[in-house]
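A.B. asks: Please see the structure below; I have some questions.
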Amino acid sequence: MVEGALIKIVIDDRPVEVRPGTTILRAAQQAGLSIPHFCFHPAFAPAGSCRICLVEIEGLPKLELACATMVRDGMKISTQSPRVREARRGVLEFLLADHPLDCPICDKAGECKLQDYYQEYGLFESAFREAKEKRAKIIPIGKRLILDRERCVLCTRCVRFLSEVTKTQELGVFQRGIHSEISTYEELPVKNNYSGNLVDLCPVGAITDKEFRFKTRTWFLVQKETICPLCSLGCNIYVDYHPGFTRVPGTAKLYRVRPRENPDVNGSWICDYGRYGYQALAKDRAEKVLWKKEGRDTIMSWEKILILLAEKLRTRHLAKNISGIAVIANAWLTNEELFLFKKIFKDDLGLTKIFFADPKPGPEDGFLLQAERSPNVRGTKEIGLQMSPARLEALSQNTDILIIFGTFLSDLDTPASLKSALGKIGTKVLIASQVNGLEDDIDFILPAAGMLEKSGSLTNKNGKIQFFSAVRPSCGDSRPEWSILVDLAKELRINSGYYSLMTQPDVIFKAIGKEIAFFR
Amino acid sequence: MAEKILTKHFDLANLYEIETYLEQGGYRAVTKALKQMTPAGIMDEVKKASLRGRGGAGFPAGLKWSFVPQTSDKPKYLCVNADEGEPGTFKDRYILTHNPHLLIEGTIIASFSVGIHSAYVYIRGEYETVAQRLEHAVVEAAEKGYLGKNILGSGFDLDIFVHRGAGAYICGEETALLESLEGRRAYPRLKPPFPASVGLFQCPTVINNVETLANIPAIIEKGASWFLDKGLPRDGGTRIFGVSGPVVRPGIYELPVGTSLREIIEIHAGGLKPGKKLKAVIPGGMSAPILKPDEIDIKMDFDSLAGIGSMLGSAAIIVIDEDTPILDVLEKVAKFYAHESCGQCTPCRIGTSWIYKIVKRMSSGQGEKGDAEELVRLASNIKGKTLCPMGDAASMPVLSLAQKFKNDLESCLKEG
C-alpha cells in the first residue's frame with residue numbers, strides 16, 4: 001500500500017478520508033455508501049459505459065463517473081442529488097426499454113442488478129410505447145454457457161474478463177448502436193478453464209449456466225463460505241445450498257459454487273475444474289457404516305465399528321505386533337485431521353507403514369489451477385508426515401489390517417491390480433465420503449463428512465492457513481474424519497485423556513500450535 | 001471581398017500539384033519554421049493567433065499542442081482528423097481536393113513544433129478519390145524533400161501516412177479515431193487520460209482537424225497578429241462556411257470568423273431560391289441546435305453561437321425552407337444518430353433508438369399528444385450523460401427541434 005496523507009472529501013454530507021488514487025465509487029464503498037454500477041468490476045479497468053454511476057461533484061458542470069473519477073482533496077460529492085437521481089432513472093429507463101422483463105423465468109431473478117437498482121432507484125411507470133427489439137435468447141456460447149441477448153445490458157464485463165483475465169478473447173461486441181450484441185467469433189465457443197466466471201460476472205441474466213438453468217430460484221439458496229479442495233491453491237468459494245423444502249423430501253441440494261473474493265489467493269475468480277469438481281463432491285455420498293460380509297451389507301453403529309476396529313489395533317499393539325497394520329492417508333484431510341492421524345498412528349501406535357494416496361497431479365493452467373490436486377499437501381509436510389505413495393501390491397504382502405482414508409487409491413493403480421492386492425489383505429477399512437469403485441473389495445465402510453459437512457483448516461501451497469466451516473448438515477450417518485479419529489483414539493485407550501479434550505476443530509488447531517510453530 | 005487564407009488559389013486548376021503550389025509561394029512557411037523558428041516559438045505564435053479547432057469543439061490549437069508533455073521519452077504522434085462526417089459538412093473535402101499541400105505544410109510545421117516524427121491522416125473511406133489525391137501530394141512532398149529524413153537540412157524527420165476509415169461517423173470522435181487507427185472497434189475512450197498524454201499507441205498525441213492545420217502556414221508566414229486581424233480577438237482567422245439547402249448558390253465560402261449568418265445566407269449564398277421562404281437554419285453541422293429566422297442576425301463564431309444556445313461546430317450551414325416539414329428534418333436527424341451510435345454507452349445506444357422509433361411513428365401519422373415532450377425528456381436523459389460528445393450531438397438537435405417547433409410537430413398528430 002502506498003503511504004501518504006489521506007485525502008479529505010465529503011460524500012453526501014459525510015466526511016470521508018481515503019487514500020490518494022481512490023475512485024469516488026471506492027471511496028463511497030469505504031464510507032458504507034453504495035453507488036449503482038453495471039460495467040464496473042474491481043478486477044478490470046473502468047469502462048464507463050453503463051453510465052449509471054454518475055454522481056454530482058460540486059463546481060463541475062456535468063455529472064461525472066464514480067467508477068473512473070479519482071477523488072481530489074476537498075471534493076464534495078453527491079450521490080443522491082435530484083440531478084443524479086434523474087440521470088440514474090434515465091439509465092434504468094433506457095435499459096428496461098430494451099429488456100424483455102422475463103424475470104419470472106430468469107435464473108438471475110433475485111440477485112439481478114437491474115432488478116435491484118429498479119427497486120432502489122427506479123420505481124417509475126414505463127413510458128416505452130414502441131416495439132421492443134427482438135433478439136436471440138438461447139445461444140450456446142460454451143460447454144455450459146447460454147447467452148440471452150435480449151437480457152444483455154452490454155456492460156461488456158464478459159468481453160473484458162476474456163480479454164484482460166484469461167486473455168483468450170472468445171467474445172466480442174458485434175454490430176453497433178441498438179444492434180450491438182455480444183457474440184463469439186463465428187462458431188468458436190468460449191473454451192477455457194474459467195468460463196464459469198462469466199455467469200457470476202454477468203450483472204443480469206444474459207449469461208446463464210446450463211447446470212443451473214431453470215433448476216431452482218436464487219432466493220431458496222443459502223450461501224456458505226468455504227475453501228475449494230480441488231488443488232493446492234485453496235480458492236475461496238461460496239457454496240449455494242438449498243436446505244430443502246420441509247414437506248418435500250430430497251429437495252436439499254447443492255446447486256452451485258461461486259468465487260469468493262480474496263486478493264491473496266484467488267482474486268475474484270475460480271476455475272471450472274474446481275467449480276464443477278466441487279459440485280461433484282456432493283454426489284454419490286457414503287451415508288451408512290457398512291460391514292460388507294460375504295456379499296451382504298450390514299449396517300452398523302459407529303460405536304460398534306469403532307470398538308471393533310480399536311480392538312483389532314489394540315491387541316496387535318499390546319502384542320508388539322504392529323507390522324501387519326498399514327494406514328493410507330491423503331492430503332485432502334485437514335490440518336487438524338492429519339495432526340490427529342499422525343499422533344494416533346505414528347506416535348501412539350508406532351506404525352511404520354504409513355502411506356498416502358492422493359489424486360494424480362494434473363496440468364497447471366498457469367493461472368489458478370495447480371498441478372497438485374490435493375488441498376493440504378503443504379499442511380501434511382508442516383505437520384511432519386512423509387507423503388510416501390501407497391504401493392498396494394508391495395504393501396499387501398504382509399499386511400492384515402489396512403485403513404484407507406479417501407478413494408484416491410484408484411488414481412494410483414489399475415482396478416485389476418487394486419482388486420488383487422486388496423484381496424490379499426485380511427481386513428480392509430475405508431473411511432471416505434464417497435466410495436466410487438472401491439466398495440466391492442472393502443470389509444468396512446465408514447462414511448466420512450468430506451469437505452462439505454466438516455470444519456477445519458487447510459494450508460495452501462504458499463503456506464496460507466485457511467479455515468472453513470461445514471457447508472451443510474451431515475449426510476446420513478457420516479461424520480467428520482477428525483471426530484472419527486478422536487473416537488477411535490479414545491477406544492484405543494493409549495492417551496485417551498488427551499483425546500477426550502479434542503472436542504472441536506478449533507481446539508485441535510490450538511493443540512497443533514502448541515507442538516508445531518508453523519501453526520501458531 | 002475579404003482576404004482568403006485557405007481557398008485563396010482554389011481557382012487554379014492544378015493547385016493540388018506541388019509545382020503549382022510552389023509557384024504560389026507554397027512551402028515558404030515550412031522553410032521559415034524549420035530554418036528561422038524554434039518549436040516553442042511556433043507554438044507561441046499559434047497561441048497568439050487564437051486559432052481554434054475547426055473540427056467543431058473550438059479548442060485553442062496552440063494550447064492543445066502545449067499539453068503534450070515534452071519530457072516524455074515515448075514517441076509522439078499527430079493525427080489529422082479528415083473523417084469529415086458531420087452531416088452538412090464538406091469543407092475539408094474541398095481543402096484536400098484542391099489544396100492538399102496546404103494540409104501537408106501545416107502538418108509539417110505542427111509536427112516540428114511538438115516534436116513529432118509520424119503523422120497519420122485519418123480520412124473517411126467515402127473520400128477515396130480525395131485520399132488518392134492526398135497520397136499523391138505526400139509522395140510529391142517527399143520527393144521534394146519536405147517529408148522524410150532531414151527535411152530541408154534541418155535535421156527534422158517526418159513521415160505522413162494516409163489511413164482510410166470504413167464509414168462510421170463515430171470515427172470522427174478523436175479517441176474513437178485513435179482506436180480505429182490502432183485496428184480496433186471504434187469505441188470512444190474514457191477521458192482522462194487525454195490524448196495529449198495517452199493517445200495513439202498509448203503515446204502522447206495531438207489530434208487536429210484538416211482546416212485547423214491548413215491555417216498554420218499562413219500564421220507562420222504572416223504572423224499571429226495578421227491572422228488575428230482576419231477574425232475576432234478570441235477566435236482568429238477565417239472559416240470555411242459550407243452552405244447547403246435551397247439557396248441560390250450553395251457551396252463553400254471562406255469568410256472572416258464572426259461574419260453574420262444572415263450575410264452568409266443572403267449575400268454570399270445569394271439568398272433563398274425564388275419562391276422559397278426561410279424556415280430554419282442549422283448553423284454548425286447537423287448536431288448544432290436549430291435557429292429560427294429571427295435568430296440569424298448572429299455572428300458566426302464559437303462564442304456568439306454558444307451565447308444563443310447553439311454552436312458553430314464545423315460551420316456547416318444547413319438552410320431549411322418553409323416547404324420542408326420539420327418532422328422530415330427531425331426524422332433525418334433521429335435516423336442518422338440512431339444509425340451512427342456506436343452502442344458503447346447506454347443512453348446513446350438505447351436513447352437514440354428510442355427517439356427514432358417515436359419519430360418514425362410520428363412520421364407514419366401515428367403521433368400522439370405528448371410525443372414532443374417525450375422527445376425532450378429522452379434527449380435530456382442523453383445530453384451530458386454519455387461517454388463521448390456524440391450523446392450531445394445526438395440530443396441537442398432533437399431538443400431544439402422539439403422545443404422550437406413544437407407546434408409544427410403537433411400539427412402532424414394522428415386524427416382524434
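Just remember, in the C-alpha cells the first chain shown is A, the second B, etc., residues are 1-based per chain, and ligands are 1-based in the order shown.
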Near chain A, which residues of chain B fall within 6 Å when you count only C-alpha atoms, and what do they look like as JSON, numbers by chain?
C.D. replies: {"B": [341, 342, 343, 344, 345, 346, 349, 350, 381]}
A.B. asks: Per DSSP on the backbone, what are the helix (DSSP H, G or I) residues of segment 69-281 of chain B, as a PyMOL selection string?
C.D. replies: chain B and resi 91-98+100-114+128-143+151-153+169-172+174-181+200-202+210-214+216-222+224-230+261-268
A.B. asks: If you count only C-alpha atoms, which residues fall within 8 Å of Val327 of chain A, apart from same-chain ones fewer than 6 positions away, as a list in words?
C.D. replies: Phe345, Lys353, Ile354, Phe355, Leu402, Ile403, Ile404 and Phe405 of chain A
A.B. asks: Deliver the residues from the most recent selection as a file, using C-alpha atoms, as a PDB file, in the first residue's frame.
C.D. replies:
```
ATOM      1  CA  PHE A 345      -0.924 -43.964  14.101  1.00  0.00           C
ATOM      2  CA  LYS A 353       3.527 -48.452   7.314  1.00  0.00           C
ATOM      3  CA  ILE A 354       2.023 -45.010   6.801  1.00  0.00           C
ATOM      4  CA  PHE A 355       1.289 -44.076   3.219  1.00  0.00           C
ATOM      5  CA  LEU A 402      -5.478 -51.755   6.146  1.00  0.00           C
ATOM      6  CA  ILE A 403      -7.207 -48.488   6.967  1.00  0.00           C
ATOM      7  CA  ILE A 404      -7.738 -46.286   3.958  1.00  0.00           C
ATOM      8  CA  PHE A 405      -8.793 -42.650   4.039  1.00  0.00           C
TER       9      PHE A 405
END
```
A.B. asks: Could you give me the residues within segment 200-278 of chain B that DSSP places in strand (DSSP E or B), as an NGL selection string?
C.D. replies: :B and (205-209 or 232 or 235 or 238-244 or 247 or 251-256 or 260 or 272 or 278)
A.B. asks: For segment 308-322 of chain B, list every protein, DNA or RNA residue within 6 Å, evaluated using only C-alpha atoms, and leave out those in the same chain fewer than 4 positions away; present the list as a PyMOL selection string.
C.D. replies: chain B and resi 55-56+88-89+241-245+277-285+288-289+302
A.B. asks: Write out as a list of chain:residue names each polymer residue whose atoms come within 9 Å of Arg149 of chain A, counting only C-alpha atoms; drop sequence neighbours fewer than 5 positions from it.
C.D. replies: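 With the cut-off at 9 Å, the set is A:Lys134, A:Arg135, A:Ala136, A:Lys137, A:Ile138, A:Ile139, A:Leu154, A:Glu181, A:Ile182, A:Ala206, A:Ile207.
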A.B. asks: To one decimal in Å, tell me the separation between atom CA of Val222 of chain A and atom CA of His242 of chain A.
C.D. replies: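 Computed distance, atom CA of Val222 of chain A to atom CA of His242 of chain A, equals 6.0 Å.
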A.B. asks: Can you tell me how far atom CA of Lys222 of chain B sits from atom CA of Arg28 of chain B, in Å to one decimal?
C.D. replies: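 Between atom CA of Lys222 of chain B and atom CA of Arg28 of chain B the gap works out to 10.7 Å.
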